[in-house]
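K.L.:
Contents are CSV, C-alpha atoms; file name final_9.csv:
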```csv
chain,number,residue,atom,x,y,z
A,120,MET,CA,-35.0,74.3,38.2
A,121,ILE,CA,-37.3,72.7,35.8
A,122,SER,CA,-36.1,72.5,32.2
A,123,ALA,CA,-39.0,72.1,29.9
A,124,GLY,CA,-38.8,69.8,26.9
A,125,ASP,CA,-38.9,71.0,23.3
A,126,GLY,CA,-41.7,73.3,22.2
A,127,GLY,CA,-45.0,72.1,23.7
A,128,GLY,CA,-43.8,68.8,25.0
A,129,GLN,CA,-45.0,67.4,28.3
A,130,ASP,CA,-41.7,65.8,29.3
A,131,PHE,CA,-39.4,67.7,31.6
A,132,GLU,CA,-36.3,66.9,33.6
A,133,LEU,CA,-35.9,68.0,37.2
A,134,ASN,CA,-32.5,69.6,37.8
A,135,LEU,CA,-31.3,67.8,40.9
A,136,ALA,CA,-27.9,69.5,41.1
A,137,SER,CA,-29.2,72.4,43.2
A,138,ILE,CA,-31.2,70.1,45.4
A,139,ILE,CA,-28.1,68.0,46.1
A,140,ASP,CA,-26.2,71.2,46.9
A,141,CYS,CA,-28.8,72.1,49.6
A,142,LEU,CA,-28.8,68.5,51.0
A,143,THR,CA,-25.0,68.5,51.2
A,144,VAL,CA,-25.0,71.7,53.2
A,145,ILE,CA,-27.8,70.5,55.5
A,146,ILE,CA,-26.1,67.1,56.1
A,147,ALA,CA,-22.8,68.7,56.8
A,148,PHE,CA,-24.4,71.1,59.3
A,149,LEU,CA,-26.3,68.2,61.0
A,150,LEU,CA,-23.2,66.0,61.2
A,151,MET,CA,-21.2,68.7,62.8
A,152,SER,CA,-23.9,69.8,65.3
A,153,SER,CA,-25.6,66.5,66.3
A,154,SER,CA,-24.6,64.4,69.2
A,155,PHE,CA,-25.2,60.7,69.0
A,156,VAL,CA,-25.0,60.2,72.8
A,157,SER,CA,-28.1,61.2,74.5
A,158,PHE,CA,-27.6,62.5,78.1
A,159,GLY,CA,-30.3,62.4,80.7
A,160,ALA,CA,-30.5,63.0,84.4
A,161,MET,CA,-32.0,61.4,87.5
A,162,ASP,CA,-33.5,63.5,90.2
A,163,THR,CA,-32.3,62.8,93.7
A,164,ALA,CA,-31.5,64.3,97.0
A,165,VAL,CA,-29.1,63.5,99.8
A,166,ALA,CA,-30.2,62.1,103.2
A,167,VAL,CA,-27.6,63.0,105.8
A,168,PRO,CA,-28.2,61.9,109.4
A,169,GLN,CA,-28.8,65.0,111.5
A,170,ALA,CA,-26.8,65.1,114.8
A,171,GLY,CA,-29.2,67.5,116.4
A,172,ALA,CA,-32.5,66.0,115.1
A,173,PRO,CA,-35.4,66.2,117.5
A,174,SER,CA,-35.8,63.1,119.6
A,175,THR,CA,-39.6,63.3,119.6
A,176,PRO,CA,-41.0,63.0,116.2
A,177,SER,CA,-44.1,64.9,115.1
A,178,SER,CA,-47.4,63.1,114.5
A,179,GLU,CA,-46.7,63.2,110.8
A,180,ASP,CA,-43.3,61.4,111.4
A,181,SER,CA,-45.0,58.8,113.5
A,182,LYS,CA,-47.0,57.6,110.5
A,183,SER,CA,-44.0,57.6,108.1
A,184,VAL,CA,-42.5,54.4,106.7
A,185,THR,CA,-38.9,54.4,105.5
A,186,LEU,CA,-37.3,51.9,103.3
A,187,THR,CA,-33.5,51.7,103.2
A,188,VAL,CA,-31.8,49.7,100.5
A,189,LYS,CA,-28.0,49.2,100.7
A,190,LEU,CA,-26.0,47.5,98.0
A,191,MET,CA,-23.5,45.2,99.7
A,192,GLY,CA,-21.6,43.8,96.8
A,193,GLU,CA,-21.5,40.2,95.6
A,194,ASP,CA,-25.1,40.6,94.3
A,195,LYS,CA,-26.4,41.1,97.8
A,196,VAL,CA,-28.8,43.9,99.0
A,197,GLU,CA,-29.5,44.8,102.6
A,198,TRP,CA,-33.2,45.7,103.0
A,199,GLU,CA,-34.7,47.5,106.0
A,200,VAL,CA,-38.1,49.0,106.6
A,201,THR,CA,-38.6,51.2,109.6
A,202,ALA,CA,-41.9,52.7,110.7
A,203,GLY,CA,-43.6,54.5,113.6
A,204,ALA,CA,-42.6,57.2,116.0
A,205,ASP,CA,-39.6,55.2,117.3
A,206,ALA,CA,-38.6,54.2,113.8
A,207,ARG,CA,-38.4,50.5,114.8
A,208,ALA,CA,-37.5,48.0,112.2
A,209,ARG,CA,-40.4,46.2,110.7
A,210,GLU,CA,-38.3,44.2,108.2
A,211,LYS,CA,-34.6,43.6,108.0
A,212,LYS,CA,-33.1,41.1,105.6
A,213,VAL,CA,-30.5,40.4,103.0
A,214,LEU,CA,-31.8,39.8,99.5
A,215,PRO,CA,-30.2,38.7,96.2
A,216,ARG,CA,-29.8,41.7,93.8
A,217,GLU,CA,-32.0,40.1,91.2
A,218,GLY,CA,-34.9,40.0,93.6
A,219,LEU,CA,-34.9,43.7,94.4
A,220,LEU,CA,-37.5,44.8,91.9
A,221,ALA,CA,-40.0,42.2,93.0
A,222,GLU,CA,-39.4,43.0,96.6
A,223,LEU,CA,-40.0,46.7,95.9
A,224,GLU,CA,-43.3,46.0,94.2
A,225,GLY,CA,-44.3,43.9,97.2
A,226,ALA,CA,-43.3,46.7,99.6
A,227,LYS,CA,-45.4,49.2,97.7
A,228,SER,CA,-48.6,47.1,98.3
A,229,ARG,CA,-47.7,46.2,101.9
A,230,TYR,CA,-46.9,49.8,103.0
A,231,PRO,CA,-49.2,52.3,101.3
A,232,GLY,CA,-47.5,55.1,103.2
A,233,LEU,CA,-44.2,54.4,101.7
A,234,GLN,CA,-43.4,57.2,99.3
A,235,GLY,CA,-39.7,56.9,98.6
A,236,VAL,CA,-36.6,54.9,99.1
A,237,VAL,CA,-33.2,55.7,100.7
A,238,LEU,CA,-30.5,54.1,98.6
A,239,SER,CA,-26.9,53.6,99.6
A,240,ALA,CA,-24.0,51.3,99.0
A,241,ALA,CA,-20.9,49.8,100.5
A,242,PRO,CA,-17.8,51.9,100.0
A,243,ARG,CA,-16.3,49.7,97.2
A,244,ILE,CA,-19.4,49.5,95.1
A,245,PRO,CA,-19.0,51.2,91.7
A,246,TYR,CA,-21.2,54.1,90.8
A,247,GLN,CA,-22.7,52.2,87.8
A,248,GLU,CA,-24.2,49.6,90.2
A,249,LEU,CA,-25.8,52.3,92.2
A,250,ILE,CA,-27.2,54.0,89.1
A,251,GLN,CA,-28.6,50.6,88.0
A,252,ALA,CA,-30.2,50.0,91.4
A,253,MET,CA,-31.6,53.5,91.3
A,254,ASP,CA,-33.0,52.9,87.8
A,255,ASP,CA,-34.8,49.8,89.0
A,256,THR,CA,-36.1,51.5,92.1
A,257,ARG,CA,-37.5,54.4,90.1
A,258,LYS,CA,-39.7,52.0,88.2
A,259,VAL,CA,-41.6,51.5,91.5
A,260,PHE,CA,-40.8,54.5,93.6
A,261,PRO,CA,-39.9,57.7,91.6
A,262,ALA,CA,-38.5,59.4,94.7
A,263,VAL,CA,-35.0,57.9,95.5
A,264,ILE,CA,-32.8,59.6,98.0
A,265,LEU,CA,-29.1,58.8,98.3
A,266,GLY,CA,-28.2,57.9,101.9
A,267,VAL,CA,-24.8,59.0,103.1
A,268,SER,CA,-23.3,58.4,106.5
A,269,GLY,CA,-22.8,61.3,108.9
A,270,GLY,CA,-19.1,61.3,108.3
B,228,MET,CA,-32.3,48.2,34.2
B,229,LYS,CA,-31.9,51.3,36.3
B,230,SER,CA,-28.3,50.6,37.0
B,231,LYS,CA,-27.6,50.2,33.3
B,232,ARG,CA,-29.3,53.5,32.7
B,233,PHE,CA,-27.1,55.0,35.5
B,234,LEU,CA,-23.9,53.8,33.8
B,235,LYS,CA,-25.0,54.8,30.4
B,236,LYS,CA,-23.3,58.0,29.2
B,237,SER,CA,-25.6,60.0,27.0
B,238,ARG,CA,-23.0,61.2,24.6
B,239,LYS,CA,-23.5,62.7,21.2
B,240,PRO,CA,-21.3,61.2,18.5
B,241,GLY,CA,-17.9,62.9,18.7
B,242,SER,CA,-18.8,64.9,21.8
B,243,THR,CA,-16.8,64.7,25.1
B,244,GLU,CA,-19.8,65.9,27.2
B,245,MET,CA,-21.4,63.4,29.5
B,246,SER,CA,-24.4,63.6,31.9
B,247,LEU,CA,-24.4,61.8,35.3
B,248,ASN,CA,-27.7,60.5,36.6
B,249,ILE,CA,-27.8,61.9,40.1
B,250,THR,CA,-31.2,60.6,41.1
B,251,SER,CA,-29.7,57.8,43.2
B,252,MET,CA,-27.4,60.2,44.9
B,253,ALA,CA,-30.4,62.4,45.8
B,254,ASP,CA,-32.0,59.3,47.2
B,255,ILE,CA,-29.0,58.6,49.4
B,256,PHE,CA,-28.8,62.1,50.6
B,257,THR,CA,-32.5,62.2,51.5
B,258,ILE,CA,-32.1,59.0,53.6
B,259,LEU,CA,-29.0,60.5,55.3
B,260,LEU,CA,-30.9,63.7,56.0
B,261,VAL,CA,-33.9,61.8,57.5
B,262,PHE,CA,-31.6,59.7,59.7
B,263,LEU,CA,-29.7,62.8,61.0
B,264,LEU,CA,-32.9,64.8,61.6
B,265,LYS,CA,-34.2,61.8,63.6
B,266,SER,CA,-31.1,61.6,65.7
B,267,TYR,CA,-30.8,65.3,66.2
B,268,ALA,CA,-31.8,66.0,69.8
B,269,VAL,CA,-33.1,69.5,70.2
B,270,GLY,CA,-33.0,70.8,73.8
B,271,ALA,CA,-31.1,67.8,75.1
B,272,LEU,CA,-28.8,68.2,78.0
B,273,GLU,CA,-25.4,69.5,76.8
B,274,ILE,CA,-22.6,67.9,78.8
B,275,GLN,CA,-18.9,67.9,77.9
B,276,PRO,CA,-17.4,65.3,80.2
B,277,SER,CA,-13.6,65.1,80.6
B,278,ARG,CA,-11.6,62.9,78.4
B,279,GLY,CA,-11.9,59.3,79.5
B,280,LEU,CA,-14.9,59.8,81.8
B,281,LYS,CA,-17.5,57.0,81.4
B,282,VAL,CA,-20.9,58.3,82.3
B,283,PRO,CA,-23.2,55.5,83.7
B,284,VAL,CA,-26.0,54.2,81.6
B,285,ALA,CA,-29.7,54.2,82.7
B,286,VAL,CA,-33.1,53.7,81.1
B,287,HIS,CA,-35.4,55.8,83.2
B,288,ALA,CA,-33.8,59.2,82.8
B,289,ASP,CA,-35.4,62.6,82.6
B,290,THR,CA,-34.2,65.7,80.7
B,291,ALA,CA,-32.2,68.2,82.6
B,292,GLU,CA,-31.7,71.9,82.4
B,293,SER,CA,-28.3,73.5,82.4
B,294,ARG,CA,-27.0,74.0,86.0
B,295,LEU,CA,-23.8,74.1,88.1
B,296,MET,CA,-21.8,70.9,87.1
B,297,LEU,CA,-19.7,68.9,89.5
B,298,GLU,CA,-17.6,66.2,87.9
B,299,ILE,CA,-15.9,63.2,89.5
B,300,ALA,CA,-13.3,61.8,87.1
B,301,GLU,CA,-10.5,59.3,87.6
B,302,GLU,CA,-8.0,62.0,88.6
B,303,ALA,CA,-9.9,65.0,89.7
B,304,VAL,CA,-13.0,66.5,91.1
B,305,GLN,CA,-14.0,69.5,89.0
B,306,LEU,CA,-16.6,72.2,89.5
B,307,ASP,CA,-17.7,73.7,86.2
B,308,GLY,CA,-14.4,72.7,84.6
B,309,GLU,CA,-12.2,74.0,87.5
B,310,SER,CA,-10.1,71.3,89.0
B,311,LEU,CA,-10.4,71.5,92.8
B,312,ILE,CA,-9.3,68.1,94.2
B,313,THR,CA,-6.8,65.6,92.8
B,314,LEU,CA,-7.8,62.0,93.0
B,315,LYS,CA,-5.7,58.9,92.4
B,316,ASN,CA,-7.7,56.1,90.7
B,317,PHE,CA,-11.0,57.8,91.9
B,318,GLU,CA,-9.8,57.9,95.5
B,319,LEU,CA,-8.7,60.7,97.8
B,320,ALA,CA,-5.2,60.5,99.1
B,321,GLU,CA,-4.7,59.6,102.8
B,322,GLY,CA,-5.7,62.5,105.0
B,323,GLN,CA,-6.9,64.6,102.0
B,324,GLY,CA,-10.1,66.5,102.8
B,325,LEU,CA,-12.8,68.0,100.6
B,326,ASN,CA,-12.4,71.5,102.0
B,327,PRO,CA,-11.5,73.1,98.6
B,328,LEU,CA,-14.8,71.7,97.2
B,329,ALA,CA,-16.8,73.0,100.1
B,330,GLU,CA,-15.2,76.5,99.8
B,331,ALA,CA,-15.8,76.6,96.0
B,332,LEU,CA,-19.4,75.5,96.4
B,333,ALA,CA,-20.0,78.2,99.1
B,334,THR,CA,-18.5,80.8,96.7
B,335,ARG,CA,-20.5,79.7,93.8
B,336,ARG,CA,-23.7,79.5,95.8
B,337,ALA,CA,-23.4,83.1,96.8
B,338,ALA,CA,-23.0,84.1,93.1
B,339,LEU,CA,-25.9,82.0,91.9
B,340,THR,CA,-29.3,83.5,91.0
B,341,GLU,CA,-32.3,82.7,93.1
B,342,GLN,CA,-33.6,80.4,90.4
B,343,SER,CA,-30.4,78.3,90.4
B,344,GLN,CA,-29.9,78.2,94.2
B,345,GLY,CA,-29.3,74.7,95.5
B,346,LYS,CA,-29.3,73.1,92.1
B,347,LEU,CA,-26.4,70.9,91.0
B,348,LEU,CA,-25.7,68.3,88.3
B,349,LEU,CA,-23.3,65.5,89.2
B,350,VAL,CA,-21.4,63.9,86.4
B,351,ALA,CA,-19.5,61.0,87.9
B,352,ASP,CA,-17.5,58.2,86.3
B,353,SER,CA,-19.3,54.8,86.4
B,354,ARG,CA,-16.2,53.2,87.9
B,355,ALA,CA,-16.0,55.6,90.9
B,356,PRO,CA,-16.4,53.8,94.2
B,357,TYR,CA,-19.4,54.8,96.4
B,358,ALA,CA,-16.9,56.0,99.1
B,359,THR,CA,-15.8,58.9,96.9
B,360,ILE,CA,-19.3,59.7,95.7
B,361,GLU,CA,-20.6,59.6,99.3
B,362,GLY,CA,-17.9,62.0,100.5
B,363,VAL,CA,-18.6,64.5,97.7
B,364,MET,CA,-22.4,64.2,98.2
B,365,ARG,CA,-22.0,64.9,101.9
B,366,THR,CA,-20.0,68.0,101.1
B,367,VAL,CA,-22.6,69.1,98.5
B,368,ALA,CA,-25.5,68.6,100.9
B,369,SER,CA,-23.6,70.5,103.7
B,370,GLN,CA,-23.3,73.5,101.3
B,371,GLY,CA,-27.1,73.7,100.8
B,372,PHE,CA,-27.3,72.0,97.4
B,373,GLY,CA,-30.4,69.9,97.9
B,374,ASP,CA,-31.8,69.7,94.3
B,375,LEU,CA,-29.5,67.2,92.7
B,376,LYS,CA,-29.5,65.5,89.3
B,377,LEU,CA,-27.2,62.6,88.4
B,378,ALA,CA,-26.1,62.7,84.7
B,379,VAL,CA,-26.5,59.4,82.8
B,380,VAL,CA,-26.4,58.2,79.2
B,381,ARG,CA,-29.8,57.2,78.1
B,382,ALA,CA,-30.0,53.6,77.1
B,383,GLU,CA,-32.2,53.0,74.0
```
In structure tokens, what does this structure look like?

P.N.:
Amino acid sequence: MISAGDGGGQDFELNLASIIDCLTVIIAFLLMSSSFVSFGAMDTAVAVPQAGAPSTPSSEDSKSVTLTVKLMGEDKVEWEVTAGADARAREKKVLPREGLLAELEGAKSRYPGLQGVVLSAAPRIPYQELIQAMDDTRKVFPAVILGVSGG
Amino acid sequence: MKSKRFLKKSRKPGSTEMSLNITSMADIFTILLVFLLKSYAVGALEIQPSRGLKVPVAVHADTAESRLMLEIAEEAVQLDGESLITLKNFELAEGQGLNPLAEALATRRAALTEQSQGKLLLVADSRAPYATIEGVMRTVASQGFGDLKLAVVRAE
């Protein structure tokens, strides 16, 4: 590896050929095995309206606040907050898509009992838009549930 | 100066031997090695999407463990690589149901270990309309798969 100079000399030359051999093998292995696209995942669940759900909610349900956000297309978002035993609407409005994040932050301070968001979209909305909205929502509410119609 | 030294061939008079200065090559290889080691994701989620499938991009994504994979591509819905439903431009044909998916999920669920029960990873194309996603989600939920993860490409 190290070739010493002539008798008693302090100069020596490092043999780099073997090091380069090792590096070439490691680089080839890493190039073959590495993936340059990093996949991740977003936790969610599905909220399906139950046909046989009890009509009288429990005392726990009566305190619950539900926020439903629906992507309508054309940069519009339908916003609905329901609360109480009868799940009556507290807020119902249509927002521009850009204002969603600010509105979510406002809702977090207005409704301390609000734990998560039900997110859905109009039938023609591409999946990427839903994921972007979910990504924004998770900044404020980590629990995002996908809302689907009863079918 | 250094480049001149690199080009200089240390040759004895009359000799055909030459020595190449490989220090710069070692430098390049070291930089390459550092770059590759940095981009080498150990323990990252291994997904092999179908050809042409565009996975949506998100910033706030978690890591995910390996689990039963359901894929919604342009032309098919696949469960762990097995094509169950044919789609046309991400949409079901008129009158086509999702029964084959429900049956396959029920079969798979029975075969899953207790730890993997109800866990599913959805890999859907970013162009798929919500109507298709919604139908598949409804079927998934009806078969008791409540712990869902949506696969995304992490944006830097």

K.L.:
Please report as a CSV table (one decimal) with C-alpha atoms, in the coordinates of the input which residues of chain B come no farther than 8 Å from chain A, using all atoms listed in the file.

P.N.:
```csv
chain,number,residue,atom,x,y,z
B,249,ILE,CA,-27.8,61.9,40.1
B,250,THR,CA,-31.2,60.6,41.1
B,252,MET,CA,-27.4,60.2,44.9
B,253,ALA,CA,-30.4,62.4,45.8
B,256,PHE,CA,-28.8,62.1,50.6
B,257,THR,CA,-32.5,62.2,51.5
B,259,LEU,CA,-29.0,60.5,55.3
B,260,LEU,CA,-30.9,63.7,56.0
B,263,LEU,CA,-29.7,62.8,61.0
B,264,LEU,CA,-32.9,64.8,61.6
B,266,SER,CA,-31.1,61.6,65.7
B,267,TYR,CA,-30.8,65.3,66.2
B,268,ALA,CA,-31.8,66.0,69.8
B,271,ALA,CA,-31.1,67.8,75.1
B,272,LEU,CA,-28.8,68.2,78.0
B,273,GLU,CA,-25.4,69.5,76.8
B,274,ILE,CA,-22.6,67.9,78.8
B,283,PRO,CA,-23.2,55.5,83.7
B,284,VAL,CA,-26.0,54.2,81.6
B,285,ALA,CA,-29.7,54.2,82.7
B,286,VAL,CA,-33.1,53.7,81.1
B,287,HIS,CA,-35.4,55.8,83.2
B,288,ALA,CA,-33.8,59.2,82.8
B,289,ASP,CA,-35.4,62.6,82.6
B,290,THR,CA,-34.2,65.7,80.7
B,291,ALA,CA,-32.2,68.2,82.6
B,351,ALA,CA,-19.5,61.0,87.9
B,352,ASP,CA,-17.5,58.2,86.3
B,353,SER,CA,-19.3,54.8,86.4
B,354,ARG,CA,-16.2,53.2,87.9
B,355,ALA,CA,-16.0,55.6,90.9
B,356,PRO,CA,-16.4,53.8,94.2
B,357,TYR,CA,-19.4,54.8,96.4
B,358,ALA,CA,-16.9,56.0,99.1
B,359,THR,CA,-15.8,58.9,96.9
B,360,ILE,CA,-19.3,59.7,95.7
B,361,GLU,CA,-20.6,59.6,99.3
B,362,GLY,CA,-17.9,62.0,100.5
B,364,MET,CA,-22.4,64.2,98.2
B,365,ARG,CA,-22.0,64.9,101.9
B,368,ALA,CA,-25.5,68.6,100.9
B,373,GLY,CA,-30.4,69.9,97.9
B,374,ASP,CA,-31.8,69.7,94.3
B,375,LEU,CA,-29.5,67.2,92.7
B,376,LYS,CA,-29.5,65.5,89.3
B,377,LEU,CA,-27.2,62.6,88.4
B,378,ALA,CA,-26.1,62.7,84.7
B,379,VAL,CA,-26.5,59.4,82.8
B,380,VAL,CA,-26.4,58.2,79.2
B,381,ARG,CA,-29.8,57.2,78.1
```

K.L.:
One decimal, Å: what's the distance from atom CA of A:Asp194 over to atom CA of B:Val282, could you say?

P.N.:
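If I compute the distance from atom CA of A:Asp194 to atom CA of B:Val282, I get 21.8 Å.
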
K.L.:
Work out how far atom CA of A:Val237 is from atom CA of B:Leu339, in Å to one decimal.

P.N.:
28.7 Å

K.L.:
Taking (-38.7, 54.7, 103.4) as a centre in this file's frame and 10 Å as the limit, can you find every polymer residue with an atom that close, using all atoms listed in the file, and give them as a ChimeraX atom specification?

P.N.:
/A:183-188,199-202,226,230,232-238,262-264

K.L.:
Enter the distance from atom CA of A:Phe260 to atom CA of A:Leu214, in Å, rounded to one decimal.

P.N.:
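These two atoms are separated by 18.2 Å.
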
K.L.:
List the spatial neighbours of B:Arg335 as a VMD selection string - criterion: any atom at most 12 Å away, all atoms listed in the file, same-chain residues fewer than 5 positions off excluded.

P.N.:
chain B and resid 294 to 297 306 to 307 309 328 to 330 340 343 to 347 367 370 to 372

K.L.:
With all atoms listed in the file as the atoms that count, which of B:Ile255, B:Val304, B:Leu348, B:Ala337 lies nearest to B:Glu292?

P.N.:
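Result for the nearest residue to B:Glu292: B:Leu348.
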